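With PDB, C-alpha atoms, pLDDT in the B column inside, this is target_6.pdb:
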ATOM      1  CA  MET D  14     -17.028 -42.074  27.366  1.00 50.00           C
ATOM      2  CA  THR D  15     -16.209 -40.198  30.555  1.00 57.00           C
ATOM      3  CA  ARG D  16     -19.199 -39.546  32.708  1.00 59.00           C
ATOM      4  CA  MET D  17     -19.546 -36.158  34.432  1.00 51.00           C
ATOM      5  CA  SER D  18     -19.763 -36.114  38.192  1.00 52.00           C
ATOM      6  CA  VAL D  19     -22.704 -34.551  39.953  1.00 50.00           C
ATOM      7  CA  TYR D  20     -20.445 -31.664  41.002  1.00 47.00           C
ATOM      8  CA  GLU D  21     -19.295 -31.047  37.433  1.00 54.00           C
ATOM      9  CA  LYS D  22     -22.884 -31.051  36.208  1.00 45.00           C
ATOM     10  CA  ALA D  23     -23.873 -28.618  38.920  1.00 48.00           C
ATOM     11  CA  LYS D  24     -20.894 -26.379  38.096  1.00 53.00           C
ATOM     12  CA  LEU D  25     -21.768 -26.417  34.399  1.00 53.00           C
ATOM     13  CA  LEU D  26     -25.373 -25.551  35.182  1.00 52.00           C
ATOM     14  CA  GLU D  27     -24.231 -22.745  37.494  1.00 55.00           C
ATOM     15  CA  ASP D  28     -21.971 -21.279  34.795  1.00 56.00           C
ATOM     16  CA  HIS D  29     -24.766 -21.477  32.255  1.00 52.00           C
ATOM     17  CA  ALA D  30     -27.196 -19.770  34.621  1.00 56.00           C
ATOM     18  CA  SER D  31     -24.605 -17.065  35.322  1.00 58.00           C
ATOM     19  CA  ARG D  32     -24.202 -16.354  31.618  1.00 62.00           C
ATOM     20  CA  ILE D  33     -27.971 -16.125  31.227  1.00 55.00           C
ATOM     21  CA  ALA D  34     -28.172 -13.748  34.203  1.00 56.00           C
ATOM     22  CA  ASP D  35     -25.354 -11.608  32.803  1.00 57.00           C
ATOM     23  CA  GLY D  36     -27.109 -11.496  29.462  1.00 62.00           C
ATOM     24  CA  GLU D  37     -30.417 -10.512  31.062  1.00 61.00           C
ATOM     25  CA  ASP D  38     -28.691  -7.814  33.131  1.00 64.00           C
ATOM     26  CA  SER D  39     -26.974  -6.456  30.017  1.00 74.00           C
ATOM     27  CA  GLN D  40     -30.326  -6.392  28.246  1.00 80.00           C
ATOM     28  CA  ARG D  41     -31.940  -4.532  31.139  1.00 81.00           C
ATOM     29  CA  GLN D  42     -29.094  -2.014  31.166  1.00 79.00           C
ATOM     30  CA  ALA D  43     -29.316  -1.539  27.423  1.00 79.00           C
ATOM     31  CA  THR D  44     -33.076  -0.980  27.662  1.00 84.00           C
ATOM     32  CA  ARG D  45     -32.634   1.489  30.525  1.00 82.00           C
ATOM     33  CA  VAL D  46     -29.919   3.493  28.758  1.00 82.00           C
ATOM     34  CA  SER D  47     -31.876   3.513  25.484  1.00 83.00           C
ATOM     35  CA  SER D  48     -34.968   4.873  27.245  1.00 86.00           C
ATOM     36  CA  ARG D  49     -33.030   7.559  29.108  1.00 85.00           C
ATOM     37  CA  LEU D  50     -31.186   8.557  25.934  1.00 84.00           C
ATOM     38  CA  LEU D  51     -34.513   9.182  24.213  1.00 87.00           C
ATOM     39  CA  GLU D  52     -35.533  11.477  27.083  1.00 87.00           C
ATOM     40  CA  LEU D  53     -32.224  13.353  26.975  1.00 85.00           C
ATOM     41  CA  ARG D  54     -32.350  13.628  23.182  1.00 86.00           C
ATOM     42  CA  SER D  55     -35.812  15.212  23.417  1.00 89.00           C
ATOM     43  CA  GLN D  56     -34.460  17.740  25.920  1.00 86.00           C
ATOM     44  CA  LEU D  57     -31.480  18.501  23.702  1.00 85.00           C
ATOM     45  CA  ASN D  58     -33.775  19.054  20.721  1.00 89.00           C
ATOM     46  CA  GLN D  59     -35.585  21.749  22.695  1.00 91.00           C
ATOM     47  CA  LEU D  60     -32.245  23.390  23.431  1.00 89.00           C
ATOM     48  CA  ARG D  61     -31.275  23.224  19.743  1.00 90.00           C
ATOM     49  CA  SER D  62     -34.573  24.897  18.827  1.00 93.00           C
ATOM     50  CA  GLN D  63     -33.870  27.799  21.177  1.00 93.00           C
ATOM     51  CA  LEU D  64     -30.320  28.102  19.836  1.00 91.00           C
ATOM     52  CA  ALA D  65     -31.759  28.305  16.310  1.00 94.00           C
ATOM     53  CA  VAL D  66     -34.065  31.132  17.441  1.00 95.00           C
ATOM     54  CA  THR D  67     -31.084  32.941  18.988  1.00 94.00           C
ATOM     55  CA  GLN D  68     -29.115  32.634  15.758  1.00 93.00           C
ATOM     56  CA  ALA D  69     -32.095  33.848  13.708  1.00 95.00           C
ATOM     57  CA  LEU D  70     -32.502  36.898  15.953  1.00 95.00           C
ATOM     58  CA  GLN D  71     -28.805  37.683  15.841  1.00 93.00           C
ATOM     59  CA  SER D  72     -28.767  37.427  12.053  1.00 94.00           C
ATOM     60  CA  ARG D  73     -31.389  40.219  12.040  1.00 93.00           C
ATOM     61  CA  GLY D  74     -29.355  42.364  14.409  1.00 91.00           C
ATOM     62  CA  ALA D  75     -31.368  41.445  17.508  1.00 90.00           C
ATOM     63  CA  GLY D  76     -30.476  39.384  20.552  1.00 84.00           C
ATOM     64  CA  LEU D  77     -26.768  40.185  20.326  1.00 82.00           C
ATOM     65  CA  ASP D  78     -26.454  40.307  24.129  1.00 84.00           C
ATOM     66  CA  ILE D  79     -27.988  36.865  24.743  1.00 85.00           C
ATOM     67  CA  ASP D  80     -25.752  34.863  27.082  1.00 84.00           C
ATOM     68  CA  LEU D  81     -24.709  31.565  25.499  1.00 81.00           C
ATOM     69  CA  SER D  82     -22.434  30.519  28.356  1.00 78.00           C
ATOM     70  CA  GLY D  83     -23.280  27.236  30.040  1.00 75.00           C
ATOM     71  CA  ILE D  84     -24.562  25.633  26.843  1.00 74.00           C
ATOM     72  CA  ASP D  85     -22.186  22.678  27.276  1.00 72.00           C
ATOM     73  CA  ASP D  86     -22.606  22.264  31.052  1.00 67.00           C
ATOM     74  CA  GLY D  87     -24.883  19.242  30.789  1.00 63.00           C
ATOM     75  CA  ARG D  88     -22.717  17.496  28.201  1.00 66.00           C
ATOM     76  CA  ALA D  89     -19.456  18.039  30.098  1.00 65.00           C
ATOM     77  CA  GLY D  90     -20.938  16.723  33.333  1.00 64.00           C
ATOM     78  CA  PHE D  91     -22.423  13.778  31.485  1.00 66.00           C
ATOM     79  CA  GLU D  92     -19.026  12.779  30.065  1.00 67.00           C
ATOM     80  CA  ARG D  93     -17.254  13.167  33.407  1.00 68.00           C
ATOM     81  CA  SER D  94     -19.770  11.038  35.297  1.00 63.00           C
ATOM     82  CA  LEU D  95     -19.735   7.868  33.226  1.00 61.00           C
ATOM     83  CA  GLY D  96     -19.500   4.758  35.399  1.00 56.00           C
ATOM     84  CA  PRO D  97     -16.822   2.025  35.200  1.00 58.00           C
ATOM     85  CA  SER D  98     -18.958   0.076  32.752  1.00 57.00           C
ATOM     86  CA  GLY D  99     -19.183   3.075  30.474  1.00 65.00           C
ATOM     87  CA  LEU D 100     -22.971   3.133  30.940  1.00 75.00           C
ATOM     88  CA  PRO D 101     -24.369   6.301  32.574  1.00 78.00           C
ATOM     89  CA  SER D 102     -26.344   5.864  35.770  1.00 80.00           C
ATOM     90  CA  ASN D 103     -29.846   7.280  36.160  1.00 84.00           C
ATOM     91  CA  GLN D 104     -28.409  10.011  38.365  1.00 84.00           C
ATOM     92  CA  VAL D 105     -26.071  11.057  35.552  1.00 82.00           C
ATOM     93  CA  PHE D 106     -28.999  11.238  33.133  1.00 83.00           C
ATOM     94  CA  ASN D 107     -31.104  13.209  35.610  1.00 86.00           C
ATOM     95  CA  THR D 108     -28.318  15.729  36.218  1.00 84.00           C
ATOM     96  CA  ALA D 109     -27.712  16.201  32.492  1.00 83.00           C
ATOM     97  CA  LYS D 110     -31.450  16.696  31.859  1.00 85.00           C
ATOM     98  CA  LYS D 111     -31.740  19.179  34.723  1.00 87.00           C
ATOM     99  CA  LYS D 112     -28.821  21.289  33.493  1.00 85.00           C
ATOM    100  CA  THR D 113     -30.030  21.157  29.909  1.00 85.00           C
ATOM    101  CA  GLN D 114     -33.551  22.195  30.963  1.00 89.00           C
ATOM    102  CA  ALA D 115     -32.169  25.126  32.985  1.00 89.00           C
ATOM    103  CA  VAL D 116     -30.152  26.416  30.020  1.00 89.00           C
ATOM    104  CA  THR D 117     -33.108  25.894  27.658  1.00 90.00           C
ATOM    105  CA  ASP D 118     -35.491  27.820  29.933  1.00 93.00           C
ATOM    106  CA  ARG D 119     -33.034  30.696  30.369  1.00 92.00           C
ATOM    107  CA  LEU D 120     -32.351  30.916  26.648  1.00 92.00           C
ATOM    108  CA  ALA D 121     -36.076  30.836  25.827  1.00 94.00           C
ATOM    109  CA  GLU D 122     -36.684  33.726  28.230  1.00 95.00           C
ATOM    110  CA  GLU D 123     -33.845  35.781  26.755  1.00 94.00           C
ATOM    111  CA  ASN D 124     -35.001  35.010  23.204  1.00 96.00           C
ATOM    112  CA  GLN D 125     -38.526  36.199  24.009  1.00 96.00           C
ATOM    113  CA  ALA D 126     -37.248  39.417  25.578  1.00 95.00           C
ATOM    114  CA  ALA D 127     -35.033  40.115  22.547  1.00 96.00           C
ATOM    115  CA  TRP D 128     -37.918  39.317  20.183  1.00 97.00           C
ATOM    116  CA  SER D 129     -40.287  41.701  21.971  1.00 96.00           C
ATOM    117  CA  ALA D 130     -37.728  44.513  22.008  1.00 96.00           C
ATOM    118  CA  TRP D 131     -36.839  43.985  18.340  1.00 97.00           C
ATOM    119  CA  THR D 132     -40.411  43.910  17.016  1.00 96.00           C
ATOM    120  CA  GLU D 133     -41.415  46.865  19.189  1.00 95.00           C
ATOM    121  CA  GLN D 134     -38.525  48.923  17.845  1.00 94.00           C
ATOM    122  CA  LEU D 135     -39.254  48.080  14.208  1.00 95.00           C
ATOM    123  CA  LEU D 136     -42.966  48.829  14.557  1.00 93.00           C
ATOM    124  CA  ALA D 137     -42.127  52.186  16.137  1.00 91.00           C
ATOM    125  CA  GLU D 138     -39.880  53.020  13.189  1.00 93.00           C
ATOM    126  CA  LEU D 139     -42.624  52.371  10.609  1.00 92.00           C
ATOM    127  CA  PRO D 140     -44.468  55.539   9.481  1.00 90.00           C
ATOM    128  CA  LEU D 141     -47.835  53.847   9.985  1.00 87.00           C
ATOM    129  CA  ALA D 142     -49.666  57.165   9.794  1.00 82.00           C
ATOM    130  CA  ARG D 143     -48.876  57.181   6.075  1.00 87.00           C
ATOM    131  CA  ILE D 144     -51.258  54.281   5.492  1.00 85.00           C
ATOM    132  CA  SER D 145     -54.141  56.708   5.363  1.00 77.00           C
ATOM    133  CA  MET D 146     -52.331  58.704   2.683  1.00 81.00           C
ATOM    134  CA  LEU D 147     -51.926  55.864   0.174  1.00 82.00           C
ATOM    135  CA  VAL D 148     -53.594  56.928  -3.066  1.00 72.00           C
ATOM    136  CA  LYS D 149     -54.985  53.558  -4.138  1.00 80.00           C
ATOM    137  CA  LEU D 150     -57.627  52.044  -1.898  1.00 76.00           C
ATOM    138  CA  GLU D 151     -56.318  48.533  -2.579  1.00 85.00           C
ATOM    139  CA  ALA D 152     -52.846  49.575  -1.443  1.00 86.00           C
ATOM    140  CA  GLU D 153     -54.331  51.067   1.705  1.00 84.00           C
ATOM    141  CA  LYS D 154     -56.183  47.836   2.473  1.00 88.00           C
ATOM    142  CA  GLN D 155     -53.044  45.802   1.874  1.00 91.00           C
ATOM    143  CA  ALA D 156     -50.993  48.064   4.130  1.00 91.00           C
ATOM    144  CA  SER D 157     -53.574  47.909   6.914  1.00 89.00           C
ATOM    145  CA  LYS D 158     -53.678  44.126   6.638  1.00 93.00           C
ATOM    146  CA  ARG D 159     -49.902  43.932   6.926  1.00 94.00           C
ATOM    147  CA  GLN D 160     -49.889  46.214   9.956  1.00 93.00           C
ATOM    148  CA  ILE D 161     -52.412  43.978  11.713  1.00 93.00           C
ATOM    149  CA  GLU D 162     -50.377  40.895  10.767  1.00 96.00           C
ATOM    150  CA  LEU D 163     -47.166  42.428  12.116  1.00 96.00           C
ATOM    151  CA  GLU D 164     -48.802  43.326  15.421  1.00 94.00           C
ATOM    152  CA  ARG D 165     -50.276  39.819  15.718  1.00 96.00           C
ATOM    153  CA  ILE D 166     -46.931  38.115  15.071  1.00 97.00           C
ATOM    154  CA  ALA D 167     -45.139  40.441  17.502  1.00 96.00           C
ATOM    155  CA  ARG D 168     -47.507  39.381  20.307  1.00 96.00           C
ATOM    156  CA  GLY D 169     -46.651  35.711  19.795  1.00 96.00           C
ATOM    157  CA  LYS D 170     -43.709  33.562  20.793  1.00 96.00           C
ATOM    158  CA  ALA D 171     -40.297  33.916  19.218  1.00 96.00           C
ATOM    159  CA  SER D 172     -39.593  31.218  16.629  1.00 96.00           C
ATOM    160  CA  GLN D 173     -37.636  30.886  13.413  1.00 96.00           C
ATOM    161  CA  GLU D 174     -40.869  30.981  11.405  1.00 97.00           C
ATOM    162  CA  ALA D 175     -42.179  34.045  13.263  1.00 97.00           C
ATOM    163  CA  ILE D 176     -38.899  35.915  12.756  1.00 97.00           C
ATOM    164  CA  THR D 177     -38.835  35.189   9.026  1.00 96.00           C
ATOM    165  CA  THR D 178     -42.529  36.035   8.522  1.00 97.00           C
ATOM    166  CA  PHE D 179     -42.242  39.265  10.516  1.00 97.00           C
ATOM    167  CA  ALA D 180     -39.166  40.395   8.573  1.00 96.00           C
ATOM    168  CA  THR D 181     -40.777  39.630   5.201  1.00 96.00           C
ATOM    169  CA  THR D 182     -44.073  41.324   6.068  1.00 97.00           C
ATOM    170  CA  TYR D 183     -42.244  44.312   7.534  1.00 97.00           C
ATOM    171  CA  ALA D 184     -40.160  44.780   4.387  1.00 96.00           C
ATOM    172  CA  GLY D 185     -43.292  44.696   2.230  1.00 95.00           C
ATOM    173  CA  LEU D 186     -45.102  47.295   4.349  1.00 95.00           C
ATOM    174  CA  ALA D 187     -42.036  49.541   4.561  1.00 95.00           C
ATOM    175  CA  GLU D 188     -41.777  49.492   0.773  1.00 93.00           C
ATOM    176  CA  LEU D 189     -45.442  50.445   0.400  1.00 91.00           C
ATOM    177  CA  LEU D 190     -45.004  53.438   2.709  1.00 93.00           C
ATOM    178  CA  GLN D 191     -41.568  54.519   1.515  1.00 90.00           C
ATOM    179  CA  ASP D 192     -42.637  57.045  -1.113  1.00 86.00           C
ATOM    180  CA  THR D 193     -45.885  58.108   0.566  1.00 87.00           C
ATOM    181  CA  GLN D 194     -46.140  61.534   2.145  1.00 85.00           C
ATOM    182  CA  ASP D 195     -46.815  62.014   5.839  1.00 85.00           C
ATOM    183  CA  PRO D 196     -50.390  62.913   6.814  1.00 83.00           C
ATOM    184  CA  PRO D 197     -51.248  66.419   8.068  1.00 84.00           C
ATOM    185  CA  GLU D 198     -50.297  66.918  11.709  1.00 85.00           C
ATOM    186  CA  ALA D 199     -53.903  67.865  12.495  1.00 87.00           C
ATOM    187  CA  LEU D 200     -55.061  64.447  11.256  1.00 84.00           C
ATOM    188  CA  VAL D 201     -52.455  62.631  13.363  1.00 80.00           C
ATOM    189  CA  ASP D 202     -53.548  64.584  16.446  1.00 86.00           C
ATOM    190  CA  LEU D 203     -57.217  63.803  15.760  1.00 84.00           C
ATOM    191  CA  LEU D 204     -56.599  60.104  15.236  1.00 80.00           C
ATOM    192  CA  ASN D 205     -54.572  59.952  18.440  1.00 81.00           C
ATOM    193  CA  ARG D 206     -57.397  61.674  20.302  1.00 85.00           C
ATOM    194  CA  LEU D 207     -59.977  59.270  18.912  1.00 82.00           C
ATOM    195  CA  ARG D 208     -57.812  56.310  19.921  1.00 77.00           C
ATOM    196  CA  GLU D 209     -57.117  57.589  23.429  1.00 83.00           C
ATOM    197  CA  GLN D 210     -60.709  58.713  24.040  1.00 83.00           C
ATOM    198  CA  PRO D 211     -63.008  56.113  22.448  1.00 79.00           C
ATOM    199  CA  GLY D 212     -66.075  57.681  24.069  1.00 81.00           C
ATOM    200  CA  LEU D 213     -65.958  60.907  22.021  1.00 83.00           C
ATOM    201  CA  THR D 214     -69.242  62.066  20.528  1.00 84.00           C
ATOM    202  CA  LEU D 215     -69.877  64.043  17.332  1.00 84.00           C
ATOM    203  CA  SER D 216     -70.171  67.191  19.447  1.00 87.00           C
ATOM    204  CA  ASP D 217     -66.548  66.667  20.486  1.00 88.00           C
ATOM    205  CA  VAL D 218     -65.403  66.764  16.844  1.00 87.00           C
ATOM    206  CA  THR D 219     -65.488  69.956  14.779  1.00 89.00           C
ATOM    207  CA  ASP D 220     -66.865  70.228  11.237  1.00 91.00           C
ATOM    208  CA  GLU D 221     -63.331  71.010  10.065  1.00 90.00           C
ATOM    209  CA  GLU D 222     -62.037  67.787  11.648  1.00 88.00           C
ATOM    210  CA  ILE D 223     -64.816  65.757  10.047  1.00 87.00           C
ATOM    211  CA  ALA D 224     -63.986  67.349   6.689  1.00 90.00           C
ATOM    212  CA  LEU D 225     -60.316  66.475   7.251  1.00 86.00           C
ATOM    213  CA  LEU D 226     -61.257  62.831   7.888  1.00 84.00           C
ATOM    214  CA  ARG D 227     -63.217  62.758   4.619  1.00 85.00           C
ATOM    215  CA  GLU D 228     -60.446  64.510   2.705  1.00 82.00           C
ATOM    216  CA  CYS D 229     -57.874  61.948   3.834  1.00 77.00           C
ATOM    217  CA  ARG D 230     -60.324  59.049   3.320  1.00 72.00           C
ATOM    218  CA  MET D 231     -60.257  58.180   7.013  1.00 74.00           C
ATOM    219  CA  ASP D 232     -64.041  58.519   7.344  1.00 75.00           C
ATOM    220  CA  ALA D 233     -64.422  54.869   6.286  1.00 71.00           C
ATOM    221  CA  HIS D 234     -62.401  53.855   9.364  1.00 70.00           C
ATOM    222  CA  ILE D 235     -64.531  55.756  11.877  1.00 77.00           C
ATOM    223  CA  THR D 236     -67.536  54.033  13.439  1.00 78.00           C
ATOM    224  CA  LEU D 237     -70.540  55.922  14.819  1.00 77.00           C
ATOM    225  CA  LYS D 238     -72.677  54.479  17.601  1.00 77.00           C
ATOM    226  CA  ARG D 239     -75.716  56.039  19.202  1.00 75.00           C
ATOM    227  CA  LYS D 240     -75.562  56.271  22.991  1.00 73.00           C
ATOM    228  CA  GLY D 241     -77.854  53.843  24.753  1.00 68.00           C
ATOM    229  CA  SER D 242     -78.228  51.636  21.682  1.00 60.00           C
TER
END

Go through the file and emit its structure as C-alpha cells.
Amino acid sequence: MTRMSVYEKAKLLEDHASRIADGEDSQRQATRVSSRLLELRSQLNQLRSQLAVTQALQSRGAGLDIDLSGIDDGRAGFERSLGPSGLPSNQVFNTAKKKTQAVTDRLAEENQAAWSAWTEQLLAELPLARISMLVKLEAEKQASKRQIELERIARGKASQEAITTFATTYAGLAELLQDTQDPPEALVDLLNRLREQPGLTLSDVTDEEIALLRECRMDAHITLKRKGS
C-alpha cells in the first residue's frame, strides 16, 4: 500500500477545505439572493395591486389617461445588470426596488386622482334632491343610506373593492331615483340655504317654507336647537 507524503496529505486537505469554503460561499450567496428576492417580490406585489386598480378604473371609463410607461424599467435594468455568476448583486436589487417603488408611487397617485374625479362626477350626476320625493318612507331611508355610503367610499383610497362597491351602490341608488320626480325648486333653494347657513333661526324661515318642508316630508330631517342651550 502506497503511503501518501506529507505534501500530498496537505494538498488533499487544502482541496477539501477549498470545496467546503466554496460550498459555504454558495450557501451564503443563495441565502442573500433568496432574501433580496422576497423583498423585491413584495415590492412587485404592490405594483401589481396598483395596476389592478388602474385596470378596474379604466374598465369603468375612468383613469384612461393614466401613464403606464416605465412599468418595466426595474425589470429591464435587473436583467441587464446580472453579474458573471448569474446572481444579482445587492446594488442590482436596490436599483430594481428603487425603480419599482417610484413607478408604484406614481401610479398610486394617478389612480387616486382618477378615483376622486370619477366619484365626484358620478355623485354630481345623481339627482339626489329626488330622495326627499320618494313616496315610501322605507325607500327614502334606503336612498339616504346609500348616498351616505357613496360619499364615505368616495373619500377613501382607490382599490378594486372600493371601485366595485361604489359602482354597485351607485347603480342601486340611481335606479331608486330614476322614476322619481324632481322636488319643487323652492324646496331645493331652501335646503341649500339651510345647508349653507346652519345658524338660521325659525324667524329666518317663513310659514310657507315650513309648510313646504312638511308637505315634502323634509321636516323629519330638520333639527331645532334653542340658542344658548

Exactly which residues make up the result of the PyMOL selection byres ((chain D and resi 186) around 9) on this file, given as a PDB file with C-alpha atoms, in the frame of the given file?
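New file out12.pdb:
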ATOM      1  CA  LEU D 139     -42.624  52.371  10.609  1.00 92.00           C
ATOM      2  CA  GLN D 155     -53.044  45.802   1.874  1.00 91.00           C
ATOM      3  CA  ALA D 156     -50.993  48.064   4.130  1.00 91.00           C
ATOM      4  CA  SER D 157     -53.574  47.909   6.914  1.00 89.00           C
ATOM      5  CA  ARG D 159     -49.902  43.932   6.926  1.00 94.00           C
ATOM      6  CA  GLN D 160     -49.889  46.214   9.956  1.00 93.00           C
ATOM      7  CA  THR D 181     -40.777  39.630   5.201  1.00 96.00           C
ATOM      8  CA  THR D 182     -44.073  41.324   6.068  1.00 97.00           C
ATOM      9  CA  TYR D 183     -42.244  44.312   7.534  1.00 97.00           C
ATOM     10  CA  ALA D 184     -40.160  44.780   4.387  1.00 96.00           C
ATOM     11  CA  GLY D 185     -43.292  44.696   2.230  1.00 95.00           C
ATOM     12  CA  ALA D 187     -42.036  49.541   4.561  1.00 95.00           C
ATOM     13  CA  GLU D 188     -41.777  49.492   0.773  1.00 93.00           C
ATOM     14  CA  LEU D 189     -45.442  50.445   0.400  1.00 91.00           C
ATOM     15  CA  LEU D 190     -45.004  53.438   2.709  1.00 93.00           C
ATOM     16  CA  GLN D 191     -41.568  54.519   1.515  1.00 90.00           C
TER      17      GLN D 191
END

Would you list the residues near (-34.0, 29.1, 18.4) (no more than 8 Å away, in the coordinates of the file, using only C-alpha atoms) as a PDB file with C-alpha atoms, in the frame of the given file?
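Output file selection_10.pdb follows:
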ATOM      1  CA  LEU D  60     -32.245  23.390  23.431  1.00 89.00           C
ATOM      2  CA  ARG D  61     -31.275  23.224  19.743  1.00 90.00           C
ATOM      3  CA  SER D  62     -34.573  24.897  18.827  1.00 93.00           C
ATOM      4  CA  GLN D  63     -33.870  27.799  21.177  1.00 93.00           C
ATOM      5  CA  LEU D  64     -30.320  28.102  19.836  1.00 91.00           C
ATOM      6  CA  ALA D  65     -31.759  28.305  16.310  1.00 94.00           C
ATOM      7  CA  VAL D  66     -34.065  31.132  17.441  1.00 95.00           C
ATOM      8  CA  THR D  67     -31.084  32.941  18.988  1.00 94.00           C
ATOM      9  CA  GLN D  68     -29.115  32.634  15.758  1.00 93.00           C
ATOM     10  CA  ALA D  69     -32.095  33.848  13.708  1.00 95.00           C
ATOM     11  CA  ALA D 121     -36.076  30.836  25.827  1.00 94.00           C
ATOM     12  CA  ASN D 124     -35.001  35.010  23.204  1.00 96.00           C
ATOM     13  CA  ALA D 171     -40.297  33.916  19.218  1.00 96.00           C
ATOM     14  CA  SER D 172     -39.593  31.218  16.629  1.00 96.00           C
ATOM     15  CA  GLN D 173     -37.636  30.886  13.413  1.00 96.00           C
TER      16      GLN D 173
END

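Computed from the coordinates, the atom CA of D:Ser82 to atom CA of D:Val116 distance equals 8.9 Å.
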
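Note that atom CA of D:Trp131 and atom CA of D:Glu209 are 24.9 Å apart.
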
Evaluating the PyMOL selection byres ((chain D and resi 194-196) around 7) on the displayed file yields which residues, as number ranges by chain? D: 142-143, 146, 192-193, 197-198, 200-201

Residue selection dump (C-alpha atoms) as a PDB file, in the coordinates of the input:
ATOM      1  CA  ALA D 142     -49.666  57.165   9.794  1.00 82.00           C
ATOM      2  CA  ARG D 143     -48.876  57.181   6.075  1.00 87.00           C
ATOM      3  CA  MET D 146     -52.331  58.704   2.683  1.00 81.00           C
ATOM      4  CA  ASP D 192     -42.637  57.045  -1.113  1.00 86.00           C
ATOM      5  CA  THR D 193     -45.885  58.108   0.566  1.00 87.00           C
ATOM      6  CA  PRO D 197     -51.248  66.419   8.068  1.00 84.00           C
ATOM      7  CA  GLU D 198     -50.297  66.918  11.709  1.00 85.00           C
ATOM      8  CA  LEU D 200     -55.061  64.447  11.256  1.00 84.00           C
ATOM      9  CA  VAL D 201     -52.455  62.631  13.363  1.00 80.00           C
TER      10      VAL D 201
END

Record the distance separating atom CA of D:Glu151 and atom CA of D:Glu228, expressed in Å with one decimal. 17.3 Å

Scan for residues within 12 Å of the point (-69.5, 58.0, 15.2) in the coordinates of the file, using all atoms listed in the file, and reply as a PyMOL selection string. chain D and resi 207+211-218+223+232-240

Measuring atom to atom with all atoms listed in the file, identify which of D:Arg206, D:Arg119, D:Lys158, D:Arg168 is nearest to D:Ile79.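 Comparing D:Arg206, D:Arg119, D:Lys158, D:Arg168 against D:Ile79, the winner is D:Arg119.
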
For each of D:Gln56, D:Ala180, D:Gln134, D:Ser145, take the minimum atom-to-atom distance to D:Ala115, counting all atoms listed in the file, then give the residue where this is smallest.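 Between D:Gln56, D:Ala180, D:Gln134, D:Ser145, the residue approaching D:Ala115 most closely is D:Gln56.
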
Residues picked by the PyMOL selection byres ((chain D and resi 166) around 10) here, as a PyMOL selection string? chain D and resi 132+161-165+167-171+175-176+178-179+182

Rebuild stretch 212-227 of chain D to N, CA and C atoms - output it as a PDB file, in the frame of the given file, please.
ATOM      1  N   GLY D 212     -64.703  57.275  23.772  1.00 81.00           N
ATOM      2  CA  GLY D 212     -66.075  57.681  24.069  1.00 81.00           C
ATOM      3  C   GLY D 212     -66.462  59.035  23.490  1.00 81.00           C
ATOM      4  N   LEU D 213     -65.660  59.595  22.604  1.00 83.00           N
ATOM      5  CA  LEU D 213     -65.958  60.907  22.021  1.00 83.00           C
ATOM      6  C   LEU D 213     -67.265  60.868  21.238  1.00 83.00           C
ATOM      7  N   THR D 214     -68.002  61.953  21.294  1.00 84.00           N
ATOM      8  CA  THR D 214     -69.242  62.066  20.528  1.00 84.00           C
ATOM      9  C   THR D 214     -69.018  63.035  19.364  1.00 84.00           C
ATOM     10  N   LEU D 215     -69.993  63.133  18.470  1.00 84.00           N
ATOM     11  CA  LEU D 215     -69.877  64.043  17.332  1.00 84.00           C
ATOM     12  C   LEU D 215     -69.705  65.489  17.792  1.00 84.00           C
ATOM     13  N   SER D 216     -70.294  65.814  18.947  1.00 87.00           N
ATOM     14  CA  SER D 216     -70.171  67.191  19.447  1.00 87.00           C
ATOM     15  C   SER D 216     -68.746  67.506  19.893  1.00 87.00           C
ATOM     16  N   ASP D 217     -67.937  66.460  20.090  1.00 88.00           N
ATOM     17  CA  ASP D 217     -66.548  66.667  20.486  1.00 88.00           C
ATOM     18  C   ASP D 217     -65.634  66.844  19.279  1.00 88.00           C
ATOM     19  N   VAL D 218     -66.192  66.669  18.069  1.00 87.00           N
ATOM     20  CA  VAL D 218     -65.403  66.764  16.844  1.00 87.00           C
ATOM     21  C   VAL D 218     -65.937  67.935  16.008  1.00 87.00           C
ATOM     22  N   THR D 219     -65.056  68.777  15.547  1.00 89.00           N
ATOM     23  CA  THR D 219     -65.488  69.956  14.779  1.00 89.00           C
ATOM     24  C   THR D 219     -65.808  69.569  13.332  1.00 89.00           C
ATOM     25  N   ASP D 220     -66.548  70.454  12.650  1.00 91.00           N
ATOM     26  CA  ASP D 220     -66.865  70.228  11.237  1.00 91.00           C
ATOM     27  C   ASP D 220     -65.580  70.175  10.410  1.00 91.00           C
ATOM     28  N   GLU D 221     -64.612  71.008  10.793  1.00 90.00           N
ATOM     29  CA  GLU D 221     -63.331  71.010  10.065  1.00 90.00           C
ATOM     30  C   GLU D 221     -62.610  69.664  10.221  1.00 90.00           C
ATOM     31  N   GLU D 222     -62.687  69.075  11.410  1.00 88.00           N
ATOM     32  CA  GLU D 222     -62.037  67.787  11.648  1.00 88.00           C
ATOM     33  C   GLU D 222     -62.740  66.671  10.881  1.00 88.00           C
ATOM     34  N   ILE D 223     -64.069  66.753  10.821  1.00 87.00           N
ATOM     35  CA  ILE D 223     -64.816  65.757  10.047  1.00 87.00           C
ATOM     36  C   ILE D 223     -64.470  65.881   8.566  1.00 87.00           C
ATOM     37  N   ALA D 224     -64.358  67.116   8.087  1.00 90.00           N
ATOM     38  CA  ALA D 224     -63.986  67.349   6.689  1.00 90.00           C
ATOM     39  C   ALA D 224     -62.577  66.811   6.410  1.00 90.00           C
ATOM     40  N   LEU D 225     -61.692  66.974   7.403  1.00 86.00           N
ATOM     41  CA  LEU D 225     -60.316  66.475   7.251  1.00 86.00           C
ATOM     42  C   LEU D 225     -60.308  64.946   7.150  1.00 86.00           C
ATOM     43  N   LEU D 226     -61.155  64.292   7.944  1.00 84.00           N
ATOM     44  CA  LEU D 226     -61.257  62.831   7.888  1.00 84.00           C
ATOM     45  C   LEU D 226     -61.733  62.381   6.508  1.00 84.00           C
ATOM     46  N   ARG D 227     -62.704  63.112   5.949  1.00 85.00           N
ATOM     47  CA  ARG D 227     -63.217  62.758   4.619  1.00 85.00           C
ATOM     48  C   ARG D 227     -62.165  63.033   3.543  1.00 85.00           C
TER      49      ARG D 227
END
